[in-house]
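The structure appears right after this line, and notes come after that.
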Amino acid sequence: MSTIPSSAVDGRSLRRERNRQEIVDALLQLIESGETEISAALIAQKAGLSERSIFRYFDDVDDLYRSVCDLSISKEIEFAQIDEAGTGSLDTRIENLVNQRVRIYTMNENIAPAARAFAFKNHVIKNQLVLGRKFLRNQIKTQFAAELNQFDKAQQQVVIATIDALTTFENYDMMRSDQKMSVHTIKSILTEAIRKALK
């Protein structure tokens, strides 16, 4: 009984993984470029593969979108951490939070609006956005725990919701795109607004 050489198996595995990655990259590029009507045929064309091959490498469309989300999250995770979260003076903690939010949003200026548009029709992306918002909201609780503990529960909720709203991508994008503010100006505005919210 003949056996398949391990080099051939390794070659097939590498080719499969490379083709999967090309499909994921193609979809990510289409989303980043602002495409809203993305078909399997368009993804295949962008990836330089056949349309049929997409579903050879992915179970279904949700599986493909999930892979794209996983790729985006893995790229963002290092930027989403706050060094020594919850420590330092209030000014330092505000500065660190604002710098982190602007860093994330600057990195995602192209894909974030598209992801939000797709969230209405793709539950995988919607769930990822919900988890992302929860993660960022929890950072606010950790970063300003000392100040929040001075308020009762109802007031804590108000303060957290206020800072959360101030530091959303939507708010950043409005100031950056609609109002044509510089990143420096946005940072100054957010810093002052967060300080007032914590008083």
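Scheme for the structure tokens: letters A, B, ... for chains in order shown; per-chain residue numbers from 1; ligand numbers from 1 in order shown.
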_Who sits within 12 Å of A:Met174, only C-alpha atoms, same chain under 6 positions skipped, as number ranges by chain_ = A: 105, 109, 113, 166-168, 180-182, 186
*Nearby residues (only C-alpha atoms) at most 9 Å from A:Gly86, same-chain spacing under 4 positions excluded, as a VMD selection string*: chain A and resid 82 93 139 to 146
*Point-to-point distance in Å for atom CA of A:Ile31 and atom CA of A:Ser13*: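 Between these atoms lies a distance of 27.2 Å.
Residues with any atom within 12 Å of A:Asp83, counting only C-alpha atoms and excluding same-chain neighbours fewer than 2 positions away, are A:Glu78, A:Phe79, A:Ala80, A:Gln81, A:Ala85, A:Gly86, A:Thr87, A:Gly88, A:Thr92, A:Arg93, A:Glu95, A:Asn96, A:Leu97, A:Asn99, A:Gln100, A:Gln139, A:Thr142, A:Gln143.
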How would the residues just chosen look if you wrote them out with N, CA and C atoms as an mmCIF file, in the first residue's frame?
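Saved to out17.cif:
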data_model
loop_
_atom_site.group_PDB
_atom_site.id
_atom_site.type_symbol
_atom_site.label_atom_id
_atom_site.label_comp_id
_atom_site.auth_asym_id
_atom_site.auth_seq_id
_atom_site.Cartn_x
_atom_site.Cartn_y
_atom_site.Cartn_z
ATOM 1 N N GLU A 78 -3.009 44.290 20.666
ATOM 2 C CA GLU A 78 -1.854 44.930 21.301
ATOM 3 C C GLU A 78 -2.077 46.422 21.473
ATOM 4 N N PHE A 79 -2.906 47.016 20.596
ATOM 5 C CA PHE A 79 -3.181 48.444 20.697
ATOM 6 C C PHE A 79 -4.288 48.733 21.708
ATOM 7 N N ALA A 80 -5.034 47.707 22.101
ATOM 8 C CA ALA A 80 -6.188 47.899 22.975
ATOM 9 C C ALA A 80 -5.836 47.838 24.455
ATOM 10 N N GLN A 81 -4.594 47.503 24.768
ATOM 11 C CA GLN A 81 -4.195 47.428 26.170
ATOM 12 C C GLN A 81 -3.769 48.808 26.677
ATOM 13 N N ALA A 85 -2.945 49.805 33.816
ATOM 14 C CA ALA A 85 -4.330 50.295 33.901
ATOM 15 C C ALA A 85 -4.735 50.553 35.344
ATOM 16 N N GLY A 86 -5.378 51.687 35.563
ATOM 17 C CA GLY A 86 -5.897 52.023 36.888
ATOM 18 C C GLY A 86 -4.874 52.572 37.860
ATOM 19 N N THR A 87 -3.647 52.788 37.403
ATOM 20 C CA THR A 87 -2.609 53.296 38.300
ATOM 21 C C THR A 87 -2.143 54.678 37.840
ATOM 22 N N GLY A 88 -1.521 55.395 38.764
ATOM 23 C CA GLY A 88 -1.021 56.726 38.444
ATOM 24 C C GLY A 88 -2.019 57.805 38.828
ATOM 25 N N THR A 92 -2.717 61.266 34.532
ATOM 26 C CA THR A 92 -2.026 60.202 33.797
ATOM 27 C C THR A 92 -3.014 59.173 33.276
ATOM 28 N N ARG A 93 -3.986 58.801 34.095
ATOM 29 C CA ARG A 93 -4.953 57.789 33.683
ATOM 30 C C ARG A 93 -5.869 58.294 32.568
ATOM 31 N N GLU A 95 -4.999 60.632 30.383
ATOM 32 C CA GLU A 95 -4.120 60.707 29.210
ATOM 33 C C GLU A 95 -3.929 59.334 28.573
ATOM 34 N N ASN A 96 -3.710 58.313 29.406
ATOM 35 C CA ASN A 96 -3.498 56.968 28.878
ATOM 36 C C ASN A 96 -4.734 56.425 28.173
ATOM 37 N N LEU A 97 -5.913 56.677 28.742
ATOM 38 C CA LEU A 97 -7.153 56.217 28.116
ATOM 39 C C LEU A 97 -7.382 56.922 26.780
ATOM 40 N N ASN A 99 -5.179 58.446 24.831
ATOM 41 C CA ASN A 99 -4.173 58.008 23.851
ATOM 42 C C ASN A 99 -4.514 56.642 23.275
ATOM 43 N N GLN A 100 -4.981 55.743 24.137
ATOM 44 C CA GLN A 100 -5.328 54.396 23.680
ATOM 45 C C GLN A 100 -6.511 54.417 22.723
ATOM 46 N N GLN A 139 -12.755 48.756 30.572
ATOM 47 C CA GLN A 139 -11.506 49.495 30.779
ATOM 48 C C GLN A 139 -11.766 50.803 31.519
ATOM 49 N N THR A 142 -12.111 50.091 35.189
ATOM 50 C CA THR A 142 -10.811 49.813 35.812
ATOM 51 C C THR A 142 -9.972 51.079 35.920
ATOM 52 N N GLN A 143 -9.951 51.848 34.846
ATOM 53 C CA GLN A 143 -9.082 53.028 34.782
ATOM 54 C C GLN A 143 -9.468 54.087 35.812
#
*Hey, can you check how far atom CA of A:Tyr57 sits from atom CA of A:Lys126?*
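Between atom CA of A:Tyr57 and atom CA of A:Lys126 the gap is 22.9 Å.
Using only C-alpha atoms, the shortest contact distance between A:Gly132 and any of A:Ala47, A:Ala161, A:Ile104, A:Leu42 is found at A:Ile104.
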*Running DSSP on the backbone, which parts of stretch 47-170 of chain A land in helix (DSSP H, G or I), as a ChimeraX atom specification?*
/A:47,51-57,61-76,90-107,111-119,123-143,145-148,153-166,169-170
Please identify all polymer residues within 10 Å of A:Gly48, counting only C-alpha atoms, omitting same-chain residues fewer than 4 positions from it, and present them as an mmCIF file with N, CA and C atoms, in the first residue's frame.
data_model
loop_
_atom_site.group_PDB
_atom_site.id
_atom_site.type_symbol
_atom_site.label_atom_id
_atom_site.label_comp_id
_atom_site.auth_asym_id
_atom_site.auth_seq_id
_atom_site.Cartn_x
_atom_site.Cartn_y
_atom_site.Cartn_z
ATOM 1 N N ASN A 19 -4.270 29.877 0.759
ATOM 2 C CA ASN A 19 -5.492 30.251 0.046
ATOM 3 C C ASN A 19 -6.554 30.803 1.005
ATOM 4 N N GLU A 22 -5.525 34.278 1.786
ATOM 5 C CA GLU A 22 -5.765 35.188 0.658
ATOM 6 C C GLU A 22 -7.238 35.591 0.576
ATOM 7 N N ILE A 23 -8.130 34.655 0.891
ATOM 8 C CA ILE A 23 -9.567 34.956 0.874
ATOM 9 C C ILE A 23 -9.915 35.925 2.002
ATOM 10 N N ALA A 26 -8.590 39.302 1.147
ATOM 11 C CA ALA A 26 -9.395 39.911 0.085
ATOM 12 C C ALA A 26 -10.659 40.537 0.653
ATOM 13 N N LEU A 42 -17.018 38.473 -5.985
ATOM 14 C CA LEU A 42 -16.118 39.614 -5.841
ATOM 15 C C LEU A 42 -14.933 39.262 -4.948
ATOM 16 N N ILE A 43 -15.197 38.527 -3.875
ATOM 17 C CA ILE A 43 -14.118 38.088 -2.980
ATOM 18 C C ILE A 43 -13.141 37.196 -3.741
ATOM 19 N N ALA A 44 -13.693 36.256 -4.498
ATOM 20 C CA ALA A 44 -12.865 35.327 -5.263
ATOM 21 C C ALA A 44 -11.998 36.065 -6.273
#
